[in-house]
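This is query_19.cif (mmCIF, N, CA and C atoms).
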```
data_model
loop_
_atom_site.label_atom_id
_atom_site.label_comp_id
_atom_site.auth_asym_id
_atom_site.auth_seq_id
_atom_site.Cartn_x
_atom_site.Cartn_y
_atom_site.Cartn_z
N MET A 1 -48.79 6.92 -56.78
CA MET A 1 -49.49 5.74 -57.26
C MET A 1 -50.75 6.18 -58.01
N ALA A 2 -51.10 5.42 -58.98
CA ALA A 2 -52.31 5.69 -59.73
C ALA A 2 -53.52 5.42 -58.86
N ARG A 3 -54.53 6.22 -59.04
CA ARG A 3 -55.76 6.03 -58.26
C ARG A 3 -56.44 4.75 -58.73
N ILE A 4 -56.78 3.89 -57.78
CA ILE A 4 -57.46 2.62 -58.06
C ILE A 4 -58.91 2.76 -57.63
N SER A 5 -59.82 2.30 -58.44
CA SER A 5 -61.22 2.35 -58.08
C SER A 5 -61.46 1.59 -56.79
N ARG A 6 -62.19 2.19 -55.87
CA ARG A 6 -62.44 1.56 -54.57
C ARG A 6 -63.10 0.19 -54.70
N LYS A 7 -63.96 0.00 -55.68
CA LYS A 7 -64.69 -1.25 -55.79
C LYS A 7 -63.82 -2.42 -56.21
N LEU A 8 -62.61 -2.15 -56.69
CA LEU A 8 -61.75 -3.22 -57.18
C LEU A 8 -60.84 -3.82 -56.11
N ILE A 9 -60.71 -3.18 -54.98
CA ILE A 9 -59.80 -3.67 -53.94
C ILE A 9 -60.53 -4.70 -53.09
N LYS A 10 -60.03 -5.93 -53.11
CA LYS A 10 -60.72 -7.05 -52.46
C LYS A 10 -59.94 -7.58 -51.27
N ARG A 11 -60.68 -8.08 -50.29
CA ARG A 11 -60.07 -8.71 -49.13
C ARG A 11 -59.23 -9.91 -49.59
N GLY A 12 -58.03 -10.03 -49.02
CA GLY A 12 -57.16 -11.15 -49.34
C GLY A 12 -56.18 -10.86 -50.47
N GLU A 13 -56.37 -9.74 -51.19
CA GLU A 13 -55.43 -9.40 -52.26
C GLU A 13 -54.11 -8.91 -51.68
N VAL A 14 -53.05 -9.18 -52.41
CA VAL A 14 -51.74 -8.58 -52.14
C VAL A 14 -51.54 -7.52 -53.21
N ARG A 15 -51.30 -6.28 -52.76
CA ARG A 15 -51.15 -5.16 -53.68
C ARG A 15 -49.96 -4.31 -53.28
N TRP A 16 -49.43 -3.58 -54.25
CA TRP A 16 -48.42 -2.59 -53.95
C TRP A 16 -49.06 -1.46 -53.16
N ALA A 17 -48.29 -0.89 -52.23
CA ALA A 17 -48.75 0.28 -51.49
C ALA A 17 -47.57 1.19 -51.21
N GLU A 18 -47.84 2.47 -51.17
CA GLU A 18 -46.83 3.46 -50.82
C GLU A 18 -47.03 3.80 -49.35
N LEU A 19 -46.10 3.36 -48.50
CA LEU A 19 -46.27 3.49 -47.05
C LEU A 19 -45.62 4.74 -46.46
N ASN A 20 -44.84 5.48 -47.24
CA ASN A 20 -44.23 6.71 -46.72
C ASN A 20 -45.26 7.82 -46.66
N PRO A 21 -45.18 8.72 -45.71
CA PRO A 21 -44.16 8.84 -44.67
C PRO A 21 -44.43 7.89 -43.50
N THR A 22 -43.37 7.52 -42.83
CA THR A 22 -43.48 6.62 -41.67
C THR A 22 -42.69 7.21 -40.51
N ARG A 23 -42.82 6.54 -39.37
CA ARG A 23 -42.07 6.92 -38.17
C ARG A 23 -41.52 5.66 -37.53
N GLY A 24 -40.40 5.79 -36.83
CA GLY A 24 -39.86 4.70 -36.02
C GLY A 24 -39.67 3.40 -36.77
N HIS A 25 -40.26 2.34 -36.24
CA HIS A 25 -40.08 0.99 -36.78
C HIS A 25 -41.14 0.56 -37.78
N GLU A 26 -41.95 1.51 -38.26
CA GLU A 26 -42.96 1.17 -39.26
C GLU A 26 -42.30 0.77 -40.57
N GLN A 27 -42.92 -0.15 -41.30
CA GLN A 27 -42.44 -0.53 -42.62
C GLN A 27 -42.59 0.67 -43.55
N ALA A 28 -41.57 0.93 -44.33
CA ALA A 28 -41.54 2.14 -45.15
C ALA A 28 -41.44 1.81 -46.63
N GLY A 29 -41.68 2.84 -47.43
CA GLY A 29 -41.47 2.74 -48.87
C GLY A 29 -42.61 2.07 -49.62
N ARG A 30 -42.31 1.74 -50.86
CA ARG A 30 -43.26 1.04 -51.72
C ARG A 30 -43.07 -0.44 -51.48
N ARG A 31 -44.11 -1.10 -51.01
CA ARG A 31 -43.99 -2.53 -50.70
C ARG A 31 -45.36 -3.18 -50.81
N PRO A 32 -45.36 -4.50 -50.90
CA PRO A 32 -46.64 -5.22 -50.95
C PRO A 32 -47.33 -5.19 -49.58
N VAL A 33 -48.65 -5.16 -49.64
CA VAL A 33 -49.48 -5.27 -48.44
C VAL A 33 -50.58 -6.29 -48.70
N LEU A 34 -51.04 -6.92 -47.63
CA LEU A 34 -52.17 -7.84 -47.68
C LEU A 34 -53.40 -7.09 -47.20
N ILE A 35 -54.44 -7.05 -48.02
CA ILE A 35 -55.68 -6.36 -47.68
C ILE A 35 -56.50 -7.25 -46.76
N LEU A 36 -56.83 -6.72 -45.57
CA LEU A 36 -57.61 -7.47 -44.57
C LEU A 36 -59.07 -7.05 -44.50
N SER A 37 -59.33 -5.79 -44.78
CA SER A 37 -60.69 -5.27 -44.63
C SER A 37 -61.63 -5.85 -45.68
N HIS A 38 -62.89 -5.94 -45.30
CA HIS A 38 -63.92 -6.50 -46.19
C HIS A 38 -64.16 -5.59 -47.39
N ASP A 39 -64.60 -6.19 -48.47
CA ASP A 39 -64.80 -5.48 -49.73
C ASP A 39 -65.71 -4.26 -49.59
N VAL A 40 -66.80 -4.38 -48.84
CA VAL A 40 -67.74 -3.26 -48.70
C VAL A 40 -67.07 -2.09 -47.98
N PHE A 41 -66.24 -2.38 -46.98
CA PHE A 41 -65.49 -1.33 -46.28
C PHE A 41 -64.55 -0.63 -47.25
N ASN A 42 -63.83 -1.42 -48.03
CA ASN A 42 -62.87 -0.87 -48.99
C ASN A 42 -63.57 0.04 -50.00
N LYS A 43 -64.74 -0.39 -50.44
CA LYS A 43 -65.47 0.36 -51.46
C LYS A 43 -66.04 1.67 -50.92
N ARG A 44 -66.55 1.64 -49.70
CA ARG A 44 -67.29 2.80 -49.18
C ARG A 44 -66.45 3.78 -48.38
N SER A 45 -65.38 3.32 -47.75
CA SER A 45 -64.67 4.18 -46.80
C SER A 45 -63.56 5.02 -47.43
N GLY A 46 -63.07 4.61 -48.58
CA GLY A 46 -61.93 5.31 -49.17
C GLY A 46 -60.62 4.89 -48.54
N THR A 47 -60.67 3.90 -47.65
CA THR A 47 -59.48 3.36 -47.00
C THR A 47 -59.54 1.84 -47.02
N VAL A 48 -58.38 1.23 -46.73
CA VAL A 48 -58.30 -0.22 -46.55
C VAL A 48 -57.49 -0.48 -45.28
N ILE A 49 -57.70 -1.63 -44.68
CA ILE A 49 -56.89 -2.07 -43.56
C ILE A 49 -55.98 -3.16 -44.11
N ALA A 50 -54.67 -3.00 -43.91
CA ALA A 50 -53.71 -3.88 -44.55
C ALA A 50 -52.52 -4.17 -43.62
N MET A 51 -51.81 -5.25 -43.94
CA MET A 51 -50.57 -5.61 -43.25
C MET A 51 -49.44 -5.61 -44.26
N ALA A 52 -48.29 -5.10 -43.83
CA ALA A 52 -47.12 -5.05 -44.70
C ALA A 52 -46.53 -6.44 -44.91
N LEU A 53 -45.96 -6.66 -46.09
CA LEU A 53 -45.24 -7.89 -46.41
C LEU A 53 -43.76 -7.57 -46.58
N THR A 54 -42.94 -8.57 -46.40
CA THR A 54 -41.52 -8.47 -46.65
C THR A 54 -41.05 -9.72 -47.37
N SER A 55 -39.98 -9.58 -48.15
CA SER A 55 -39.39 -10.74 -48.81
C SER A 55 -38.15 -11.22 -48.05
N GLN A 56 -37.85 -10.55 -46.95
CA GLN A 56 -36.71 -10.93 -46.14
C GLN A 56 -37.11 -12.01 -45.14
N PRO A 57 -36.38 -13.13 -45.08
CA PRO A 57 -36.71 -14.17 -44.09
C PRO A 57 -36.77 -13.58 -42.69
N GLN A 58 -37.75 -14.03 -41.92
CA GLN A 58 -38.01 -13.46 -40.61
C GLN A 58 -37.55 -14.38 -39.49
N LYS A 59 -36.90 -13.80 -38.49
CA LYS A 59 -36.49 -14.56 -37.30
C LYS A 59 -37.68 -14.78 -36.38
N ALA A 60 -38.53 -13.77 -36.28
CA ALA A 60 -39.72 -13.88 -35.42
C ALA A 60 -40.74 -14.78 -36.12
N GLY A 61 -41.26 -15.72 -35.40
CA GLY A 61 -42.25 -16.63 -35.97
C GLY A 61 -43.67 -16.15 -35.68
N PHE A 62 -44.60 -17.04 -35.91
CA PHE A 62 -46.01 -16.77 -35.66
C PHE A 62 -46.20 -16.52 -34.17
N PRO A 63 -46.94 -15.56 -33.70
CA PRO A 63 -47.90 -14.74 -34.43
C PRO A 63 -47.36 -13.42 -34.97
N LEU A 64 -46.06 -13.14 -34.86
CA LEU A 64 -45.54 -11.87 -35.36
C LEU A 64 -45.40 -11.84 -36.88
N THR A 65 -45.10 -12.99 -37.46
CA THR A 65 -45.00 -13.08 -38.92
C THR A 65 -45.68 -14.35 -39.40
N TYR A 66 -46.05 -14.35 -40.67
CA TYR A 66 -46.71 -15.51 -41.27
C TYR A 66 -46.13 -15.70 -42.67
N SER A 67 -45.63 -16.88 -42.94
CA SER A 67 -45.09 -17.19 -44.25
C SER A 67 -46.25 -17.34 -45.24
N LEU A 68 -46.29 -16.45 -46.20
CA LEU A 68 -47.38 -16.44 -47.18
C LEU A 68 -46.90 -17.13 -48.44
N GLU A 69 -47.35 -18.34 -48.62
CA GLU A 69 -46.96 -19.11 -49.81
C GLU A 69 -48.06 -18.98 -50.85
N SER A 70 -47.68 -18.39 -51.98
CA SER A 70 -48.62 -18.19 -53.07
C SER A 70 -47.86 -18.27 -54.38
N LYS A 71 -48.36 -19.05 -55.30
CA LYS A 71 -47.73 -19.17 -56.61
C LYS A 71 -47.81 -17.86 -57.38
N GLN A 72 -48.74 -16.99 -56.98
CA GLN A 72 -48.91 -15.71 -57.67
C GLN A 72 -47.81 -14.71 -57.33
N LEU A 73 -47.17 -14.88 -56.18
CA LEU A 73 -46.13 -13.93 -55.75
C LEU A 73 -44.79 -14.34 -56.32
N GLN A 74 -44.01 -13.37 -56.76
CA GLN A 74 -42.73 -13.65 -57.41
C GLN A 74 -41.66 -14.11 -56.42
N LYS A 75 -41.76 -13.71 -55.15
CA LYS A 75 -40.75 -14.03 -54.15
C LYS A 75 -41.42 -14.67 -52.94
N PRO A 76 -40.65 -15.46 -52.16
CA PRO A 76 -41.18 -15.90 -50.86
C PRO A 76 -41.51 -14.64 -50.05
N SER A 77 -42.62 -14.67 -49.34
CA SER A 77 -43.07 -13.48 -48.62
C SER A 77 -43.54 -13.83 -47.22
N TRP A 78 -43.37 -12.86 -46.32
CA TRP A 78 -43.85 -12.99 -44.95
C TRP A 78 -44.74 -11.81 -44.65
N VAL A 79 -45.92 -12.09 -44.07
CA VAL A 79 -46.82 -11.05 -43.61
C VAL A 79 -46.32 -10.62 -42.24
N LYS A 80 -46.11 -9.33 -42.06
CA LYS A 80 -45.69 -8.78 -40.78
C LYS A 80 -46.97 -8.42 -40.01
N ILE A 81 -47.47 -9.38 -39.25
CA ILE A 81 -48.78 -9.25 -38.62
C ILE A 81 -48.85 -8.04 -37.71
N SER A 82 -47.76 -7.68 -37.08
CA SER A 82 -47.77 -6.52 -36.18
C SER A 82 -47.72 -5.20 -36.94
N GLN A 83 -47.54 -5.24 -38.25
CA GLN A 83 -47.47 -4.02 -39.06
C GLN A 83 -48.79 -3.81 -39.79
N ILE A 84 -49.84 -3.54 -39.01
CA ILE A 84 -51.18 -3.33 -39.56
C ILE A 84 -51.42 -1.83 -39.69
N ARG A 85 -52.00 -1.42 -40.82
CA ARG A 85 -52.22 0.00 -41.08
C ARG A 85 -53.54 0.21 -41.79
N THR A 86 -54.13 1.38 -41.54
CA THR A 86 -55.25 1.84 -42.34
C THR A 86 -54.66 2.80 -43.36
N LEU A 87 -54.92 2.52 -44.64
CA LEU A 87 -54.33 3.28 -45.73
C LEU A 87 -55.41 3.84 -46.64
N SER A 88 -55.20 5.04 -47.13
CA SER A 88 -56.07 5.59 -48.16
C SER A 88 -55.97 4.73 -49.41
N VAL A 89 -57.08 4.57 -50.12
CA VAL A 89 -57.03 3.82 -51.37
C VAL A 89 -56.09 4.49 -52.38
N GLU A 90 -55.80 5.77 -52.19
CA GLU A 90 -54.88 6.48 -53.07
C GLU A 90 -53.45 5.97 -52.93
N ARG A 91 -53.15 5.27 -51.83
CA ARG A 91 -51.82 4.68 -51.63
C ARG A 91 -51.71 3.28 -52.24
N ILE A 92 -52.83 2.72 -52.68
CA ILE A 92 -52.88 1.33 -53.12
C ILE A 92 -52.70 1.24 -54.63
N GLY A 93 -51.84 0.31 -55.05
CA GLY A 93 -51.55 0.13 -56.47
C GLY A 93 -51.95 -1.23 -56.99
N LYS A 94 -51.19 -1.69 -57.94
CA LYS A 94 -51.47 -2.91 -58.71
C LYS A 94 -51.54 -4.17 -57.84
N LYS A 95 -52.44 -5.06 -58.24
CA LYS A 95 -52.58 -6.35 -57.58
C LYS A 95 -51.40 -7.25 -57.96
N LEU A 96 -50.84 -7.92 -56.92
CA LEU A 96 -49.71 -8.83 -57.14
C LEU A 96 -50.10 -10.29 -56.97
N GLY A 97 -51.17 -10.54 -56.25
CA GLY A 97 -51.58 -11.91 -55.96
C GLY A 97 -52.69 -11.89 -54.91
N ALA A 98 -52.86 -13.02 -54.26
CA ALA A 98 -53.90 -13.12 -53.23
C ALA A 98 -53.57 -14.24 -52.26
N ALA A 99 -54.04 -14.08 -51.05
CA ALA A 99 -53.93 -15.13 -50.03
C ALA A 99 -55.17 -16.02 -50.12
N GLU A 100 -55.01 -17.26 -49.73
CA GLU A 100 -56.14 -18.18 -49.66
C GLU A 100 -56.98 -17.84 -48.42
N PRO A 101 -58.29 -18.12 -48.45
CA PRO A 101 -59.14 -17.85 -47.27
C PRO A 101 -58.61 -18.48 -45.99
N GLU A 102 -58.06 -19.70 -46.08
CA GLU A 102 -57.52 -20.37 -44.89
C GLU A 102 -56.32 -19.60 -44.34
N GLN A 103 -55.52 -19.01 -45.22
CA GLN A 103 -54.38 -18.22 -44.78
C GLN A 103 -54.86 -16.97 -44.05
N LEU A 104 -55.90 -16.33 -44.57
CA LEU A 104 -56.44 -15.14 -43.92
C LEU A 104 -56.91 -15.46 -42.50
N VAL A 105 -57.56 -16.60 -42.33
CA VAL A 105 -58.03 -17.01 -41.00
C VAL A 105 -56.84 -17.13 -40.05
N GLU A 106 -55.75 -17.74 -40.49
CA GLU A 106 -54.57 -17.90 -39.64
C GLU A 106 -53.93 -16.56 -39.32
N ILE A 107 -53.86 -15.67 -40.29
CA ILE A 107 -53.26 -14.35 -40.09
C ILE A 107 -54.08 -13.55 -39.08
N ILE A 108 -55.39 -13.58 -39.22
CA ILE A 108 -56.25 -12.86 -38.27
C ILE A 108 -56.16 -13.49 -36.89
N ASP A 109 -56.00 -14.81 -36.80
CA ASP A 109 -55.78 -15.47 -35.52
C ASP A 109 -54.48 -14.95 -34.89
N GLY A 110 -53.44 -14.78 -35.68
CA GLY A 110 -52.19 -14.24 -35.18
C GLY A 110 -52.37 -12.83 -34.64
N LEU A 111 -53.13 -12.00 -35.35
CA LEU A 111 -53.40 -10.64 -34.87
C LEU A 111 -54.15 -10.69 -33.55
N ASN A 112 -55.14 -11.59 -33.45
CA ASN A 112 -55.89 -11.71 -32.21
C ASN A 112 -54.98 -12.12 -31.05
N GLN A 113 -53.99 -12.96 -31.33
CA GLN A 113 -53.04 -13.34 -30.28
C GLN A 113 -52.20 -12.15 -29.84
N ILE A 114 -51.80 -11.32 -30.77
CA ILE A 114 -50.98 -10.15 -30.43
C ILE A 114 -51.77 -9.15 -29.60
N ILE A 115 -53.04 -8.93 -29.96
CA ILE A 115 -53.81 -7.90 -29.25
C ILE A 115 -54.56 -8.46 -28.05
N GLY A 116 -54.44 -9.76 -27.83
CA GLY A 116 -54.99 -10.33 -26.60
C GLY A 116 -56.42 -10.79 -26.67
N MET A 117 -56.88 -11.21 -27.82
CA MET A 117 -58.25 -11.72 -27.94
C MET A 117 -58.29 -13.18 -27.56
#
```

Structure rendered as structure tokens:
Amino acid sequence: MARISRKLIKRGEVRWAELNPTRGHEQAGRRPVLILSHDVFNKRSGTVIAMALTSQPQKAGFPLTYSLESKQLQKPSWVKISQIRTLSVERIGKKLGAAEPEQLVEIIDGLNQIIGM
């Protein structure tokens, strides 16, 4: 993937990411991810915190997955809330769209439910 300037990666963006190498049940390959980490973290740390997306309809409902409806995305997409990763900005590619702030709140609520907050 082409190196993306750290200052350009924003919270709530959906971007391509290269997730390989992986192990076990982790999402693999080149796929969209939702950026969760705050802009200042993304800019200064050289990493982002993100969740993998899939275009495959999901049997598991909330809080394990979240239907991300966005006119900017070419396909119906689901955020795999349990597939959260810290990724180097070198793995992050082109912007595909963005989630609404209200959607981010719901997704983070789902993560809090999974981890027991």

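Selection around (-39.9, -13.1, -42.3) with radius 7 Å, counting all atoms listed in the file, yields the residues A:Thr54, A:Ser55, A:Gln56, A:Pro57, A:Gln58, A:Lys59, A:Ala60, A:Thr65, A:Tyr66, A:Ser67, A:Ser77, A:Trp78, A:Val79.
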
- At a cut-off of 10 Å from (-53.1, 8.6, -48.6) in the coordinates of the file, what residues are picked up using only C-alpha atoms, written as a PyMOL selection string? chain A and resi 1+17-21+46-47+86-92

Resulting file, chosen residues, N, CA and C atoms, as a short mmCIF file (atom, residue, chain, number, x, y, z; two decimals), in the coordinates of the input:
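To be explicit, this is the file written out as selection.cif:
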```
data_model
loop_
_atom_site.label_atom_id
_atom_site.label_comp_id
_atom_site.auth_asym_id
_atom_site.auth_seq_id
_atom_site.Cartn_x
_atom_site.Cartn_y
_atom_site.Cartn_z
N MET A 1 -48.79 6.92 -56.78
CA MET A 1 -49.49 5.74 -57.26
C MET A 1 -50.75 6.18 -58.01
N ALA A 17 -48.29 -0.89 -52.23
CA ALA A 17 -48.75 0.28 -51.49
C ALA A 17 -47.57 1.19 -51.21
N GLU A 18 -47.84 2.47 -51.17
CA GLU A 18 -46.83 3.46 -50.82
C GLU A 18 -47.03 3.80 -49.35
N LEU A 19 -46.10 3.36 -48.50
CA LEU A 19 -46.27 3.49 -47.05
C LEU A 19 -45.62 4.74 -46.46
N ASN A 20 -44.84 5.48 -47.24
CA ASN A 20 -44.23 6.71 -46.72
C ASN A 20 -45.26 7.82 -46.66
N PRO A 21 -45.18 8.72 -45.71
CA PRO A 21 -44.16 8.84 -44.67
C PRO A 21 -44.43 7.89 -43.50
N GLY A 46 -63.07 4.61 -48.58
CA GLY A 46 -61.93 5.31 -49.17
C GLY A 46 -60.62 4.89 -48.54
N THR A 47 -60.67 3.90 -47.65
CA THR A 47 -59.48 3.36 -47.00
C THR A 47 -59.54 1.84 -47.02
N THR A 86 -54.13 1.38 -41.54
CA THR A 86 -55.25 1.84 -42.34
C THR A 86 -54.66 2.80 -43.36
N LEU A 87 -54.92 2.52 -44.64
CA LEU A 87 -54.33 3.28 -45.73
C LEU A 87 -55.41 3.84 -46.64
N SER A 88 -55.20 5.04 -47.13
CA SER A 88 -56.07 5.59 -48.16
C SER A 88 -55.97 4.73 -49.41
N VAL A 89 -57.08 4.57 -50.12
CA VAL A 89 -57.03 3.82 -51.37
C VAL A 89 -56.09 4.49 -52.38
N GLU A 90 -55.80 5.77 -52.19
CA GLU A 90 -54.88 6.48 -53.07
C GLU A 90 -53.45 5.97 -52.93
N ARG A 91 -53.15 5.27 -51.83
CA ARG A 91 -51.82 4.68 -51.63
C ARG A 91 -51.71 3.28 -52.24
N ILE A 92 -52.83 2.72 -52.68
CA ILE A 92 -52.88 1.33 -53.12
C ILE A 92 -52.70 1.24 -54.63
#
```

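Checking A:Glu26, A:Lys43, A:Trp16, A:Glu69 one by one against A:Glu102, counting only C-alpha atoms, you find the shortest gap at A:Glu69.
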
- Query: Which residues come within 6.5 Å of A:Gln72, counting all atoms listed in the file, excluding same-chain residues fewer than 6 positions away, as a VMD selection string?
  - Reply: chain A and resid 96 to 98

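Residues matched by the PyMOL selection byres (((chain A and resi 8 and name CA) around 12) and name CA) in this structure: Arg3, Ile4, Ser5, Arg6, Lys7, Ile9, Lys10, Arg11, Glu13, Arg15, Ile35, His38, Asp39, Val40, Phe41, Asn42, Lys43, Arg44, Gly46, Val48, Val89, Ile92, Gly93, Lys94 and Lys95 of chain A.
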
- To verify the selection step, state as a PyMOL selection string which residues the PyMOL selection byres (((chain A and resi 103-116 and name CA) around 7) and name CA) yields on this input. chain A and resi 12+62-63+66+81+99-102+117

- List every residue of chain A that DSSP, applied to the backbone, labels as helix (DSSP H, G or I), and write the result as a PyMOL selection string. chain A and resi 6-8+39-45+89-91+101-115

- Task: Between atom CA of A:Lys80 and atom C of A:Ala50, measure the distance and give it in Å to one decimal.
- Result: 8.7 Å

- Task: Quick one: pick out all strand (DSSP E) residues within chain A from a backbone DSSP run and write them as an NGL selection string.
- Result: :A and (13-18 or 30-35 or 47-54 or 65-68 or 77-88 or 92-98)

For the selection just defined, write its residues with N, CA and C atoms to a file, as a short mmCIF file (atom, residue, chain, number, x, y, z; two decimals), keeping the file's coordinate frame.
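As a result, again_4.cif now contains:
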```
data_model
loop_
_atom_site.label_atom_id
_atom_site.label_comp_id
_atom_site.auth_asym_id
_atom_site.auth_seq_id
_atom_site.Cartn_x
_atom_site.Cartn_y
_atom_site.Cartn_z
N GLU A 13 -56.37 -9.74 -51.19
CA GLU A 13 -55.43 -9.40 -52.26
C GLU A 13 -54.11 -8.91 -51.68
N VAL A 14 -53.05 -9.18 -52.41
CA VAL A 14 -51.74 -8.58 -52.14
C VAL A 14 -51.54 -7.52 -53.21
N ARG A 15 -51.30 -6.28 -52.76
CA ARG A 15 -51.15 -5.16 -53.68
C ARG A 15 -49.96 -4.31 -53.28
N TRP A 16 -49.43 -3.58 -54.25
CA TRP A 16 -48.42 -2.59 -53.95
C TRP A 16 -49.06 -1.46 -53.16
N ALA A 17 -48.29 -0.89 -52.23
CA ALA A 17 -48.75 0.28 -51.49
C ALA A 17 -47.57 1.19 -51.21
N GLU A 18 -47.84 2.47 -51.17
CA GLU A 18 -46.83 3.46 -50.82
C GLU A 18 -47.03 3.80 -49.35
N ARG A 30 -42.31 1.74 -50.86
CA ARG A 30 -43.26 1.04 -51.72
C ARG A 30 -43.07 -0.44 -51.48
N ARG A 31 -44.11 -1.10 -51.01
CA ARG A 31 -43.99 -2.53 -50.70
C ARG A 31 -45.36 -3.18 -50.81
N PRO A 32 -45.36 -4.50 -50.90
CA PRO A 32 -46.64 -5.22 -50.95
C PRO A 32 -47.33 -5.19 -49.58
N VAL A 33 -48.65 -5.16 -49.64
CA VAL A 33 -49.48 -5.27 -48.44
C VAL A 33 -50.58 -6.29 -48.70
N LEU A 34 -51.04 -6.92 -47.63
CA LEU A 34 -52.17 -7.84 -47.68
C LEU A 34 -53.40 -7.09 -47.20
N ILE A 35 -54.44 -7.05 -48.02
CA ILE A 35 -55.68 -6.36 -47.68
C ILE A 35 -56.50 -7.25 -46.76
N THR A 47 -60.67 3.90 -47.65
CA THR A 47 -59.48 3.36 -47.00
C THR A 47 -59.54 1.84 -47.02
N VAL A 48 -58.38 1.23 -46.73
CA VAL A 48 -58.30 -0.22 -46.55
C VAL A 48 -57.49 -0.48 -45.28
N ILE A 49 -57.70 -1.63 -44.68
CA ILE A 49 -56.89 -2.07 -43.56
C ILE A 49 -55.98 -3.16 -44.11
N ALA A 50 -54.67 -3.00 -43.91
CA ALA A 50 -53.71 -3.88 -44.55
C ALA A 50 -52.52 -4.17 -43.62
N MET A 51 -51.81 -5.25 -43.94
CA MET A 51 -50.57 -5.61 -43.25
C MET A 51 -49.44 -5.61 -44.26
N ALA A 52 -48.29 -5.10 -43.83
CA ALA A 52 -47.12 -5.05 -44.70
C ALA A 52 -46.53 -6.44 -44.91
N LEU A 53 -45.96 -6.66 -46.09
CA LEU A 53 -45.24 -7.89 -46.41
C LEU A 53 -43.76 -7.57 -46.58
N THR A 54 -42.94 -8.57 -46.40
CA THR A 54 -41.52 -8.47 -46.65
C THR A 54 -41.05 -9.72 -47.37
N THR A 65 -45.10 -12.99 -37.46
CA THR A 65 -45.00 -13.08 -38.92
C THR A 65 -45.68 -14.35 -39.40
N TYR A 66 -46.05 -14.35 -40.67
CA TYR A 66 -46.71 -15.51 -41.27
C TYR A 66 -46.13 -15.70 -42.67
N SER A 67 -45.63 -16.88 -42.94
CA SER A 67 -45.09 -17.19 -44.25
C SER A 67 -46.25 -17.34 -45.24
N LEU A 68 -46.29 -16.45 -46.20
CA LEU A 68 -47.38 -16.44 -47.18
C LEU A 68 -46.90 -17.13 -48.44
N SER A 77 -42.62 -14.67 -49.34
CA SER A 77 -43.07 -13.48 -48.62
C SER A 77 -43.54 -13.83 -47.22
N TRP A 78 -43.37 -12.86 -46.32
CA TRP A 78 -43.85 -12.99 -44.95
C TRP A 78 -44.74 -11.81 -44.65
N VAL A 79 -45.92 -12.09 -44.07
CA VAL A 79 -46.82 -11.05 -43.61
C VAL A 79 -46.32 -10.62 -42.24
N LYS A 80 -46.11 -9.33 -42.06
CA LYS A 80 -45.69 -8.78 -40.78
C LYS A 80 -46.97 -8.42 -40.01
N ILE A 81 -47.47 -9.38 -39.25
CA ILE A 81 -48.78 -9.25 -38.62
C ILE A 81 -48.85 -8.04 -37.71
N SER A 82 -47.76 -7.68 -37.08
CA SER A 82 -47.77 -6.52 -36.18
C SER A 82 -47.72 -5.20 -36.94
N GLN A 83 -47.54 -5.24 -38.25
CA GLN A 83 -47.47 -4.02 -39.06
C GLN A 83 -48.79 -3.81 -39.79
N ILE A 84 -49.84 -3.54 -39.01
CA ILE A 84 -51.18 -3.33 -39.56
C ILE A 84 -51.42 -1.83 -39.69
N ARG A 85 -52.00 -1.42 -40.82
CA ARG A 85 -52.22 0.00 -41.08
C ARG A 85 -53.54 0.21 -41.79
N THR A 86 -54.13 1.38 -41.54
CA THR A 86 -55.25 1.84 -42.34
C THR A 86 -54.66 2.80 -43.36
N LEU A 87 -54.92 2.52 -44.64
CA LEU A 87 -54.33 3.28 -45.73
C LEU A 87 -55.41 3.84 -46.64
N SER A 88 -55.20 5.04 -47.13
CA SER A 88 -56.07 5.59 -48.16
C SER A 88 -55.97 4.73 -49.41
N ILE A 92 -52.83 2.72 -52.68
CA ILE A 92 -52.88 1.33 -53.12
C ILE A 92 -52.70 1.24 -54.63
N GLY A 93 -51.84 0.31 -55.05
CA GLY A 93 -51.55 0.13 -56.47
C GLY A 93 -51.95 -1.23 -56.99
N LYS A 94 -51.19 -1.69 -57.94
CA LYS A 94 -51.47 -2.91 -58.71
C LYS A 94 -51.54 -4.17 -57.84
N LYS A 95 -52.44 -5.06 -58.24
CA LYS A 95 -52.58 -6.35 -57.58
C LYS A 95 -51.40 -7.25 -57.96
N LEU A 96 -50.84 -7.92 -56.92
CA LEU A 96 -49.71 -8.83 -57.14
C LEU A 96 -50.10 -10.29 -56.97
N GLY A 97 -51.17 -10.54 -56.25
CA GLY A 97 -51.58 -11.91 -55.96
C GLY A 97 -52.69 -11.89 -54.91
N ALA A 98 -52.86 -13.02 -54.26
CA ALA A 98 -53.90 -13.12 -53.23
C ALA A 98 -53.57 -14.24 -52.26
#
```

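What separates atom C of A:Gln74 from atom CA of A:His25 is a distance of 24.8 Å.
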
- Message: Please report the interatomic distance between atom CA of A:Lys75 and atom C of A:Gly24 in Å with one decimal.
- Response: 24.6 Å

Padding 6 Å on each side, edges along x, y and z: where is the centre of the box around the listed atoms of stretch 43-47 of chain A, and how long are its edges in Å to one decimal? Output it as JSON.
```
{"center_x": -63.4, "center_y": 2.5, "center_z": -49.1, "size_x": 19.8, "size_y": 17.7, "size_z": 16.7}
```

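Nearest to A:Pro32 of all the residues A:Leu64, A:Ser82, A:Leu53, A:Ser70 is A:Leu53, counting only N, CA and C atoms.
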